[in-house]
$ cat entry_1.txt   # compact mmCIF, C-alpha atoms
# COMPACT_ATOMS: atom_id res chain seq x y z
CA MET O 1 79.43 123.53 122.91
CA GLU O 2 78.82 121.84 126.23
CA LYS O 3 78.99 118.45 124.52
CA PHE O 4 82.42 119.24 123.07
CA ILE O 5 83.66 120.30 126.49
CA GLU O 6 82.25 117.13 128.02
CA LEU O 7 83.86 115.04 125.24
CA GLY O 8 87.21 116.70 125.85
CA GLN O 9 87.00 116.01 129.59
CA ASP O 10 86.16 112.37 129.00
CA MET O 11 89.03 112.00 126.54
CA VAL O 12 91.44 113.53 129.05
CA THR O 13 90.18 111.13 131.72
CA LEU O 14 90.63 108.15 129.43
CA TRP O 15 94.12 109.24 128.40
CA VAL O 16 95.25 109.83 131.99
CA ASN O 17 94.01 106.40 133.07
CA TYR O 18 95.01 104.34 130.05
CA TRP O 19 97.81 106.19 128.23
CA PRO O 20 100.38 103.36 128.69
CA ARG O 21 98.03 100.93 126.93
CA TYR O 22 97.36 103.39 124.12
CA LEU O 23 101.11 103.87 123.61
CA VAL O 24 101.69 100.11 123.55
CA GLY O 25 99.03 99.87 120.86
CA ILE O 26 100.68 102.66 118.83
CA ARG O 27 104.04 100.89 119.09
CA SER O 28 102.56 97.60 117.90
CA THR O 29 100.79 99.33 115.01
CA LEU O 30 103.94 101.08 113.82
CA LEU O 31 106.14 97.98 114.13
CA LEU O 32 103.65 95.89 112.19
CA ALA O 33 103.13 98.55 109.50
CA ILE O 34 106.85 99.16 108.98
CA SER O 35 107.90 95.50 108.87
CA ALA O 36 104.97 94.49 106.66
CA THR O 37 105.59 97.37 104.25
CA ILE O 38 109.26 96.47 103.87
CA ILE O 39 108.53 92.78 103.28
CA GLY O 40 105.60 93.62 101.01
CA CYS O 41 107.78 95.93 98.91
CA LEU O 42 110.33 93.15 98.47
CA ILE O 43 107.57 90.73 97.41
CA GLY O 44 106.17 93.32 95.01
CA LEU O 45 109.62 94.06 93.61
CA VAL O 46 110.27 90.40 92.83
CA CYS O 47 106.81 89.92 91.31
CA GLY O 48 107.06 93.13 89.30
CA ILE O 49 110.45 92.17 87.86
CA LEU O 50 109.34 88.63 87.03
CA ASN O 51 106.23 90.02 85.36
CA THR O 52 108.26 92.26 83.04
CA ILE O 53 110.99 89.88 81.86
CA PRO O 54 110.84 90.18 78.06
CA TYR O 55 110.64 87.26 75.66
CA SER O 56 110.09 86.93 71.92
CA PRO O 57 108.89 84.17 69.56
CA ARG O 58 112.53 83.54 68.67
CA ASP O 59 113.37 82.50 72.24
CA PRO O 60 113.53 78.79 73.14
CA ALA O 61 110.20 77.16 73.92
CA PRO O 62 111.13 76.24 77.55
CA LYS O 63 111.96 79.87 78.33
CA ARG O 64 108.69 81.14 76.87
CA ILE O 65 106.64 78.51 78.69
CA LEU O 66 108.39 79.22 82.00
CA LEU O 67 107.88 82.99 81.72
CA LYS O 68 104.22 82.55 80.78
CA LEU O 69 103.73 80.26 83.77
CA ILE O 70 105.42 82.76 86.10
CA ARG O 71 103.25 85.59 84.80
CA ALA O 72 100.12 83.49 85.28
CA VAL O 73 101.06 82.69 88.90
CA VAL O 74 101.86 86.35 89.64
CA ARG O 75 98.61 87.46 88.04
CA ILE O 76 96.55 85.01 90.11
CA TYR O 77 98.31 86.10 93.30
CA VAL O 78 97.75 89.79 92.56
CA GLU O 79 94.11 89.43 91.61
CA VAL O 80 93.22 87.22 94.59
CA PHE O 81 94.83 89.39 97.25
CA ARG O 82 93.75 92.69 95.69
CA GLY O 83 90.21 91.46 95.15
CA THR O 84 89.45 90.17 98.66
CA PRO O 85 89.27 92.02 102.01
CA MET O 86 92.28 91.75 104.28
CA MET O 87 89.99 90.65 107.11
CA LEU O 88 88.97 87.53 105.19
CA GLN O 89 92.58 86.90 104.20
CA ALA O 90 93.48 86.99 107.89
CA VAL O 91 90.76 84.45 108.69
CA PHE O 92 91.85 82.10 105.91
CA ILE O 93 95.54 82.26 106.82
CA PHE O 94 95.21 82.20 110.61
CA TYR O 95 92.40 79.65 110.85
CA GLY O 96 92.65 77.99 107.44
CA LEU O 97 96.22 76.72 107.71
CA PRO O 98 95.51 74.70 110.88
CA TYR O 99 92.29 73.42 109.30
CA PHE O 100 93.91 72.15 106.08
CA THR O 101 97.02 70.78 107.84
CA ASP O 102 95.19 69.00 110.67
CA GLN O 103 96.60 71.42 113.26
CA LYS O 104 100.19 70.76 112.16
CA ILE O 105 100.68 74.42 111.21
CA MET O 106 99.38 76.75 113.90
CA PHE O 107 100.22 80.24 115.15
CA ARG O 108 100.68 79.81 118.88
CA GLY O 109 101.34 82.45 121.50
CA THR O 110 102.34 86.06 121.10
CA SER O 111 105.15 85.27 118.64
CA GLY O 112 102.77 83.24 116.51
CA MET O 113 100.28 86.12 116.53
CA TRP O 114 102.96 88.54 115.38
CA LEU O 115 104.11 86.13 112.66
CA ALA O 116 100.58 85.68 111.37
CA ALA O 117 99.90 89.43 111.34
CA ILE O 118 103.16 90.19 109.49
CA ILE O 119 102.47 87.46 106.91
CA ILE O 120 98.93 88.67 106.28
CA VAL O 121 99.73 92.37 105.88
CA SER O 122 102.94 91.68 103.90
CA ILE O 123 101.23 89.43 101.36
CA ASN O 124 98.43 91.95 100.90
CA THR O 125 100.93 94.79 100.46
CA GLY O 126 103.00 92.73 98.02
CA ALA O 127 99.98 92.26 95.75
CA TYR O 128 99.49 96.01 95.43
CA MET O 129 103.22 96.73 95.12
CA ALA O 130 103.61 94.15 92.32
CA GLU O 131 101.43 96.27 90.04
CA SER O 132 103.14 99.48 91.17
CA VAL O 133 106.57 98.06 90.37
CA ARG O 134 105.38 96.76 87.01
CA GLY O 135 103.96 100.18 86.18
CA GLY O 136 107.17 101.88 87.30
CA ILE O 137 109.30 99.63 85.11
CA ILE O 138 107.23 100.01 81.96
CA SER O 139 107.08 103.79 82.50
CA ILE O 140 110.79 104.07 81.73
CA ASP O 141 111.55 105.05 78.14
CA PRO O 142 112.22 101.85 76.09
CA GLY O 143 115.04 103.70 74.39
CA GLN O 144 117.10 103.42 77.55
CA THR O 145 116.80 99.63 77.45
CA GLU O 146 117.78 99.60 73.79
CA GLY O 147 120.74 101.85 74.53
CA ALA O 148 121.88 99.53 77.32
CA LYS O 149 121.70 96.54 74.98
CA ALA O 150 123.65 98.48 72.36
CA ILE O 151 126.61 98.87 74.72
CA GLY O 152 126.55 95.19 75.66
CA MET O 153 124.51 95.11 78.88
CA ASN O 154 122.43 92.02 79.62
CA HIS O 155 118.93 92.15 81.11
CA VAL O 156 120.11 91.92 84.74
CA GLN O 157 122.65 94.73 84.30
CA THR O 158 120.08 96.89 82.55
CA MET O 159 117.53 96.40 85.32
CA THR O 160 119.90 96.97 88.25
CA SER O 161 121.90 99.86 86.78
CA ILE O 162 119.40 101.78 84.63
CA ILE O 163 115.74 100.80 84.98
CA LEU O 164 115.21 100.05 88.67
CA PRO O 165 116.89 103.21 90.08
CA GLN O 166 114.52 105.34 87.99
CA ALA O 167 111.50 103.11 88.60
CA LEU O 168 112.11 103.25 92.36
CA ARG O 169 111.80 107.02 92.33
CA ASN O 170 108.62 106.80 90.26
CA ILE O 171 106.94 104.36 92.65
CA MET O 172 108.14 106.03 95.85
CA PRO O 173 104.81 107.86 96.36
CA GLN O 174 102.99 104.54 96.04
CA ILE O 175 105.29 102.96 98.62
CA GLY O 176 104.44 105.78 101.01
CA ASN O 177 100.77 105.42 100.22
CA ASN O 178 100.86 101.70 101.05
CA PHE O 179 102.68 102.41 104.30
CA ILE O 180 99.99 104.87 105.37
CA ILE O 181 97.30 102.38 104.37
CA ASN O 182 99.03 99.69 106.44
CA ILE O 183 99.04 101.94 109.50
CA LYS O 184 95.24 102.05 109.29
CA ASP O 185 94.63 98.51 108.02
CA THR O 186 96.44 96.90 110.92
CA SER O 187 93.22 97.56 112.81
CA VAL O 188 91.61 94.53 111.12
CA MET O 189 94.10 92.23 112.84
CA PHE O 190 91.84 92.18 115.89
CA ILE O 191 89.97 89.42 114.04
CA ILE O 192 92.82 87.03 114.87
CA GLY O 193 93.36 88.41 118.37
CA PHE O 194 96.33 90.66 117.56
CA ILE O 195 96.37 93.60 119.97
CA GLU O 196 97.48 96.84 118.32
CA PHE O 197 96.15 100.40 118.63
CA PHE O 198 92.57 99.52 117.71
CA GLY O 199 92.72 96.34 119.77
CA GLN O 200 93.73 98.36 122.82
CA HIS O 201 90.77 100.64 122.17
CA ARG O 202 88.41 97.66 122.17
CA ASN O 203 89.86 96.36 125.43
CA ILE O 204 89.68 99.76 127.13
CA VAL O 205 86.08 100.26 126.04
CA GLY O 206 85.24 96.89 127.56
CA ASN O 207 86.27 98.30 130.94
CA ASN O 208 84.34 101.58 130.94
CA ASN O 209 81.87 101.54 128.00
CA MET O 210 83.14 104.97 126.80
CA TYR O 211 83.24 103.88 123.16
CA PHE O 212 82.90 107.21 121.38
CA GLN O 213 85.37 109.01 123.63
CA SER O 214 87.98 106.29 123.13
CA ALA O 215 87.27 106.25 119.39
CA ALA O 216 88.03 109.99 119.28
CA ILE O 217 91.42 109.31 120.88
CA GLU O 218 91.99 106.57 118.31
CA MET O 219 91.14 108.90 115.43
CA ILE O 220 93.57 111.57 116.65
CA GLY O 221 96.26 108.93 117.18
CA TYR O 222 95.89 107.47 113.68
CA LEU O 223 95.83 110.95 112.17
CA CYS O 224 99.05 111.92 113.96
CA MET O 225 100.82 108.75 112.79
CA THR O 226 99.77 109.20 109.17
CA LEU O 227 100.67 112.91 109.10
CA ILE O 228 104.15 112.23 110.51
CA ALA O 229 104.61 109.40 108.00
CA SER O 230 103.57 111.72 105.15
CA LEU O 231 106.10 114.36 106.22
CA LEU O 232 108.91 111.81 106.45
CA LEU O 233 108.05 110.36 103.04
CA ARG O 234 108.02 113.83 101.45
CA TRP O 235 111.49 114.40 102.92
CA VAL O 236 112.71 111.10 101.45
CA GLU O 237 111.32 112.04 98.03
CA ARG O 238 113.13 115.41 98.12
CA ARG O 239 116.36 113.65 99.06
CA MET O 240 115.94 111.27 96.15
CA ASP O 241 115.34 114.17 93.76
CA GLY O 242 118.69 115.71 94.65
CA SER O 243 119.72 119.31 94.07
CA ASP O 244 117.72 121.57 91.80
CA SER O 245 120.84 123.18 90.28
CA TYR O 246 123.82 121.45 88.73
CA GLU O 247 127.20 122.91 87.82
CA LEU O 248 129.69 121.39 85.44
CA VAL O 249 133.04 120.52 86.96
CA GLN O 250 135.72 122.40 85.03
CA ALA O 251 138.81 121.24 86.88
CA ASP O 252 139.02 117.80 85.30
CA GLN O 253 142.48 117.07 83.86
CA LEU O 254 141.06 115.13 80.95
CA THR O 255 138.91 118.09 80.02
CA MET O 256 141.90 120.40 80.20
CA ALA O 257 143.97 118.11 78.03
CA ALA O 258 141.20 118.04 75.46
CA GLY O 259 141.55 121.78 75.01
CA THR O 260 138.02 122.57 76.18
CA TYR O 261 139.01 123.99 79.57
CA SER O 262 139.08 127.76 79.64
CA HIS O 263 140.95 129.53 82.44
CA PRO O 264 139.23 132.83 83.29
CA ASN O 265 142.52 134.78 82.97
CA ARG O 266 144.77 132.76 80.70
CA GLY O 267 142.47 130.97 78.24
CA THR O 268 143.64 127.46 77.29
CA PRO O 269 147.17 126.08 76.87
CA PHE O 270 146.35 125.57 73.19
CA ASP O 271 144.90 129.04 72.57
CA GLU O 272 147.27 131.27 70.62
CA HIS O 273 145.87 134.31 72.43
CA SER O 274 146.65 132.94 75.89
CA LYS O 275 149.67 134.12 77.90
CA GLU O 276 150.89 130.57 78.35
CA TYR O 277 150.96 129.97 74.61
CA GLN O 278 152.78 133.25 73.94
CA ASP O 279 155.40 132.47 76.61
CA ARG O 280 156.09 129.11 74.98
CA VAL O 281 156.48 130.76 71.55
CA SER O 282 158.83 133.41 72.96
CA GLU O 283 160.95 130.79 74.72
CA GLY O 284 161.17 128.76 71.51
CA LEU O 285 162.32 131.83 69.54
CA LYS O 286 164.99 132.58 72.14
CA GLN O 287 166.32 129.03 71.97
CA ARG O 288 166.38 129.18 68.19
CA ASN O 289 168.24 132.50 68.16
CA GLY O 290 170.73 131.19 70.68
CA SER O 291 171.49 128.11 68.61
CA THR O 292 171.92 130.24 65.49
CA ARG O 293 174.47 132.50 67.20
CA GLY O 294 176.39 129.46 68.43
CA GLU O 295 176.73 128.14 64.91
CA ARG O 296 178.10 131.48 63.77
$ encode --input "entry_1.txt" --output "structure tokens"
Amino acid sequence: MEKFIELGQDMVTLWVNYWPRYLVGIRSTLLLAISATIIGCLIGLVCGILNTIPYSPRDPAPKRILLKLIRAVVRIYVEVFRGTPMMLQAVFIFYGLPYFTDQKIMFRGTSGMWLAAIIIVSINTGAYMAESVRGGIISIDPGQTEGAKAIGMNHVQTMTSIILPQALRNIMPQIGNNFIINIKDTSVMFIIGFIEFFGQHRNIVGNNNMYFQSAAIEMIGYLCMTLIASLLLRWVERRMDGSDSYELVQADQLTMAAGTYSHPNRGTPFDEHSKEYQDRVSEGLKQRNGSTRGER
């Protein structure tokens, strides 16, 4: 128990002395995770759509060759970036580009560091999202695609109006999962000198050697960020689901004209038991009797 009390005191001391630096690290982590997740989702969306464009043996040979080539490129990209650690990807992109271009392409200064970090995390996220998008698209009932073709929709119209809106809801949990993963995985960017939450922890520890105490603050900080992100994502999913109860609108004029609208007190204008129908019949009889008397 004394050790826990001592740990708490040390954590309070660290926070009081270095809280601005911790907050700067949290801000950098969130900005990087949000921007990289958005860009990665766009990359994954494009790759997922390209990977699911249908073709048949009856299609022209150039179209089939082009689609097969696109699928091969997407597959290589996905397998390479899903099958290697992000830390090594960071090393190859940050240090490899200058090496292979004879220092013509380099990430200089703070802006260059941010650009490199966003590129690395976005490409990694895009590889995972490409498979999520592909799975979301093929999870939609093929009958909906056939129905869209039956009413004259082309592939682009079918995807944008029918398939993608449903697929987006199906892959929303995976988008949230990747965002939470990115919050934690930004910590590997210290390998290229990017200072985020974990980088600030390393710098602070270098000043006082209180590694475990600072690591405890880091753990609580990451946990708070991921829990808040989870709550927000659950809220977004509920908003996308919409209301649980639906009521048919019964005030539509077209529905009334079709004779299917039923007034709670009068029935329908076409119902012989309704008051409106009886009034019309009575008025017609009066007009007929009046014209008969006039002839007499």
$ atom_distance --input "entry_1.txt" --atom1 "atom CA of Ile204 of chain O" --atom2 "atom CA of Leu7 of chain O"
16.5 Å
$ atom_distance --input "entry_1.txt" --atom1 "atom CA of Glu196 of chain O" --atom2 "atom CA of Ile26 of chain O"
6.7 Å
$ residues_around --input "entry_1.txt" --residues "Asn207 of chain O" --least-positions-apart "5" --cutoff "12 Å" --atoms "only C-alpha atoms" --output "list of chain:residue names"
O:Leu14, O:Asn17, O:Tyr18, O:Gln200, O:His201, O:Arg202, O:Ser214
$ residues_around --input "entry_1.txt" --residues "Ile123 of chain O" --least-positions-apart "3" --cutoff "8 Å" --atoms "all atoms listed in the file" --output "list in words"
Gly40, Ile43, Phe81, Ile119, Ile120, Gly126 and Ala127 of chain O
$ closest_residue --input "entry_1.txt" --among "O:Ile183, O:Glu218, O:Ile65, O:Ile38" --to "Phe198 of chain O" --atoms "all atoms listed in the file"
O:Glu218
$ residues_around --input "entry_1.txt" --residues "segment 137-144 of chain O" --least-positions-apart "2" --cutoff "10 Å" --atoms "all atoms listed in the file" --output "list of chain:residue names"
O:Gly48, O:Ile49, O:Thr52, O:Glu131, O:Ser132, O:Val133, O:Arg134, O:Gly135, O:Glu146, O:Gly147, O:Ala148, O:Lys149, O:Ala150, O:Thr158, O:Met159, O:Ile162, O:Ile163, O:Leu164, O:Pro165, O:Gln166, O:Ala167, O:Leu168, O:Asn170, O:Ile171
$ write_last_selection --input "entry_1.txt" --atoms "C-alpha atoms" --output "PDB file, keeping the file's coordinate frame"
ATOM      1  CA  GLY O  48     107.060  93.130  89.300  1.00  0.00           C
ATOM      2  CA  ILE O  49     110.450  92.170  87.860  1.00  0.00           C
ATOM      3  CA  THR O  52     108.260  92.260  83.040  1.00  0.00           C
ATOM      4  CA  GLU O 131     101.430  96.270  90.040  1.00  0.00           C
ATOM      5  CA  SER O 132     103.140  99.480  91.170  1.00  0.00           C
ATOM      6  CA  VAL O 133     106.570  98.060  90.370  1.00  0.00           C
ATOM      7  CA  ARG O 134     105.380  96.760  87.010  1.00  0.00           C
ATOM      8  CA  GLY O 135     103.960 100.180  86.180  1.00  0.00           C
ATOM      9  CA  GLU O 146     117.780  99.600  73.790  1.00  0.00           C
ATOM     10  CA  GLY O 147     120.740 101.850  74.530  1.00  0.00           C
ATOM     11  CA  ALA O 148     121.880  99.530  77.320  1.00  0.00           C
ATOM     12  CA  LYS O 149     121.700  96.540  74.980  1.00  0.00           C
ATOM     13  CA  ALA O 150     123.650  98.480  72.360  1.00  0.00           C
ATOM     14  CA  THR O 158     120.080  96.890  82.550  1.00  0.00           C
ATOM     15  CA  MET O 159     117.530  96.400  85.320  1.00  0.00           C
ATOM     16  CA  ILE O 162     119.400 101.780  84.630  1.00  0.00           C
ATOM     17  CA  ILE O 163     115.740 100.800  84.980  1.00  0.00           C
ATOM     18  CA  LEU O 164     115.210 100.050  88.670  1.00  0.00           C
ATOM     19  CA  PRO O 165     116.890 103.210  90.080  1.00  0.00           C
ATOM     20  CA  GLN O 166     114.520 105.340  87.990  1.00  0.00           C
ATOM     21  CA  ALA O 167     111.500 103.110  88.600  1.00  0.00           C
ATOM     22  CA  LEU O 168     112.110 103.250  92.360  1.00  0.00           C
ATOM     23  CA  ASN O 170     108.620 106.800  90.260  1.00  0.00           C
ATOM     24  CA  ILE O 171     106.940 104.360  92.650  1.00  0.00           C
TER      25      ILE O 171
END
$ atom_distance --input "entry_1.txt" --atom1 "atom CA of Ala229 of chain O" --atom2 "atom CA of Phe179 of chain O"
8.1 Å
$ closest_residue --input "entry_1.txt" --among "O:Met11, O:Leu50, O:Ile34, O:Val73" --to "Asn178 of chain O" --atoms "all atoms listed in the file"
O:Ile34
$ residues_around --input "entry_1.txt" --residues "Met87 of chain O" --least-positions-apart "3" --cutoff "8 Å" --atoms "only C-alpha atoms" --output "list in words"
Ala90, Val91, Val188, Met189 and Ile191 of chain O
$ residues_around --input "entry_1.txt" --residues "Met113 of chain O" --least-positions-apart "6" --cutoff "8 Å" --atoms "all atoms listed in the file" --output "PyMOL selection string"
chain O and resi 107+192-194
$ write_last_selection --input "entry_1.txt" --atoms "C-alpha atoms" --output "PDB file, in the coordinates of the input"
ATOM      1  CA  PHE O 107     100.220  80.240 115.150  1.00  0.00           C
ATOM      2  CA  ILE O 192      92.820  87.030 114.870  1.00  0.00           C
ATOM      3  CA  GLY O 193      93.360  88.410 118.370  1.00  0.00           C
ATOM      4  CA  PHE O 194      96.330  90.660 117.560  1.00  0.00           C
TER       5      PHE O 194
END
$ closest_residue --input "entry_1.txt" --among "O:His155, O:Ile118, O:Gln103, O:Gly44" --to "Leu31 of chain O" --atoms "all atoms listed in the file"
O:Ile118
$ closest_residue --input "entry_1.txt" --among "O:Thr37, O:Thr110, O:Thr145, O:Ser56" --to "Ile195 of chain O" --atoms "only C-alpha atoms"
O:Thr110
$ residues_near_point --input "entry_1.txt" --point "(104.2, 112.7, 101.4)" --cutoff "12 Å" --atoms "only C-alpha atoms" --output "list of chain:residue names"
O:Met172, O:Pro173, O:Gln174, O:Ile175, O:Gly176, O:Asn177, O:Asn178, O:Phe179, O:Ile180, O:Thr226, O:Leu227, O:Ile228, O:Ala229, O:Ser230, O:Leu231, O:Leu232, O:Leu233, O:Arg234, O:Trp235, O:Val236, O:Glu237, O:Arg238
$ closest_residue --input "entry_1.txt" --among "O:Gly199, O:Arg71, O:Val12, O:Ala33" --to "Pro54 of chain O" --atoms "only C-alpha atoms"
O:Arg71
$ closest_residue --input "entry_1.txt" --among "O:Val121, O:Cys224, O:Met1, O:Ala61" --to "Ser35 of chain O" --atoms "all atoms listed in the file"
O:Val121
$ build_atoms --input "entry_1.txt" --residues "segment 76-103 of chain O" --atoms "N, CA and C atoms" --output "short mmCIF file (atom, residue, chain, number, x, y, z; two decimals), in the frame of the given file"
data_model
loop_
_atom_site.label_atom_id
_atom_site.label_comp_id
_atom_site.auth_asym_id
_atom_site.auth_seq_id
_atom_site.Cartn_x
_atom_site.Cartn_y
_atom_site.Cartn_z
N ILE O 76 97.53 85.61 89.19
CA ILE O 76 96.55 85.01 90.11
C ILE O 76 96.75 85.54 91.53
N TYR O 77 98.01 85.58 91.96
CA TYR O 77 98.31 86.10 93.30
C TYR O 77 97.84 87.54 93.46
N VAL O 78 98.14 88.39 92.48
CA VAL O 78 97.75 89.79 92.56
C VAL O 78 96.24 89.96 92.59
N GLU O 79 95.56 89.25 91.69
CA GLU O 79 94.11 89.43 91.61
C GLU O 79 93.39 88.90 92.86
N VAL O 80 93.87 87.79 93.41
CA VAL O 80 93.22 87.22 94.59
C VAL O 80 93.38 88.14 95.80
N PHE O 81 94.59 88.62 96.03
CA PHE O 81 94.83 89.39 97.25
C PHE O 81 94.44 90.86 97.09
N ARG O 82 94.30 91.34 95.87
CA ARG O 82 93.75 92.69 95.69
C ARG O 82 92.22 92.67 95.66
N GLY O 83 91.66 91.54 95.32
CA GLY O 83 90.21 91.46 95.15
C GLY O 83 89.44 90.94 96.34
N THR O 84 90.13 90.65 97.45
CA THR O 84 89.45 90.17 98.66
C THR O 84 89.84 91.03 99.86
N PRO O 85 88.95 91.21 100.83
CA PRO O 85 89.27 92.02 102.01
C PRO O 85 90.38 91.39 102.85
N MET O 86 91.18 92.24 103.44
CA MET O 86 92.28 91.75 104.28
C MET O 86 91.74 90.98 105.49
N MET O 87 90.56 91.36 105.96
CA MET O 87 89.99 90.65 107.11
C MET O 87 89.75 89.18 106.78
N LEU O 88 89.20 88.91 105.59
CA LEU O 88 88.97 87.53 105.19
C LEU O 88 90.28 86.80 104.92
N GLN O 89 91.26 87.51 104.39
CA GLN O 89 92.58 86.90 104.20
C GLN O 89 93.17 86.49 105.54
N ALA O 90 92.98 87.33 106.55
CA ALA O 90 93.48 86.99 107.89
C ALA O 90 92.80 85.74 108.43
N VAL O 91 91.49 85.63 108.21
CA VAL O 91 90.76 84.45 108.69
C VAL O 91 91.25 83.20 107.98
N PHE O 92 91.43 83.27 106.66
CA PHE O 92 91.85 82.10 105.91
C PHE O 92 93.27 81.67 106.26
N ILE O 93 94.16 82.62 106.49
CA ILE O 93 95.54 82.26 106.82
C ILE O 93 95.66 81.79 108.26
N PHE O 94 95.04 82.52 109.19
CA PHE O 94 95.21 82.20 110.61
C PHE O 94 94.45 80.93 110.99
N TYR O 95 93.22 80.80 110.49
CA TYR O 95 92.40 79.65 110.85
C TYR O 95 92.41 78.56 109.77
N GLY O 96 92.69 78.96 108.53
CA GLY O 96 92.65 77.99 107.44
C GLY O 96 93.84 77.05 107.42
N LEU O 97 95.04 77.59 107.72
CA LEU O 97 96.22 76.72 107.71
C LEU O 97 96.11 75.58 108.72
N PRO O 98 95.72 75.84 109.96
CA PRO O 98 95.51 74.70 110.88
C PRO O 98 94.43 73.73 110.40
N TYR O 99 93.39 74.27 109.76
CA TYR O 99 92.29 73.42 109.30
C TYR O 99 92.75 72.47 108.20
N PHE O 100 93.50 72.97 107.22
CA PHE O 100 93.91 72.15 106.08
C PHE O 100 95.12 71.27 106.41
N THR O 101 95.85 71.58 107.48
CA THR O 101 97.02 70.78 107.84
C THR O 101 96.78 69.92 109.08
N ASP O 102 95.52 69.79 109.48
CA ASP O 102 95.19 69.00 110.67
C ASP O 102 95.96 69.46 111.90
N GLN O 103 95.98 70.77 112.10
CA GLN O 103 96.60 71.42 113.26
C GLN O 103 98.12 71.28 113.28
#
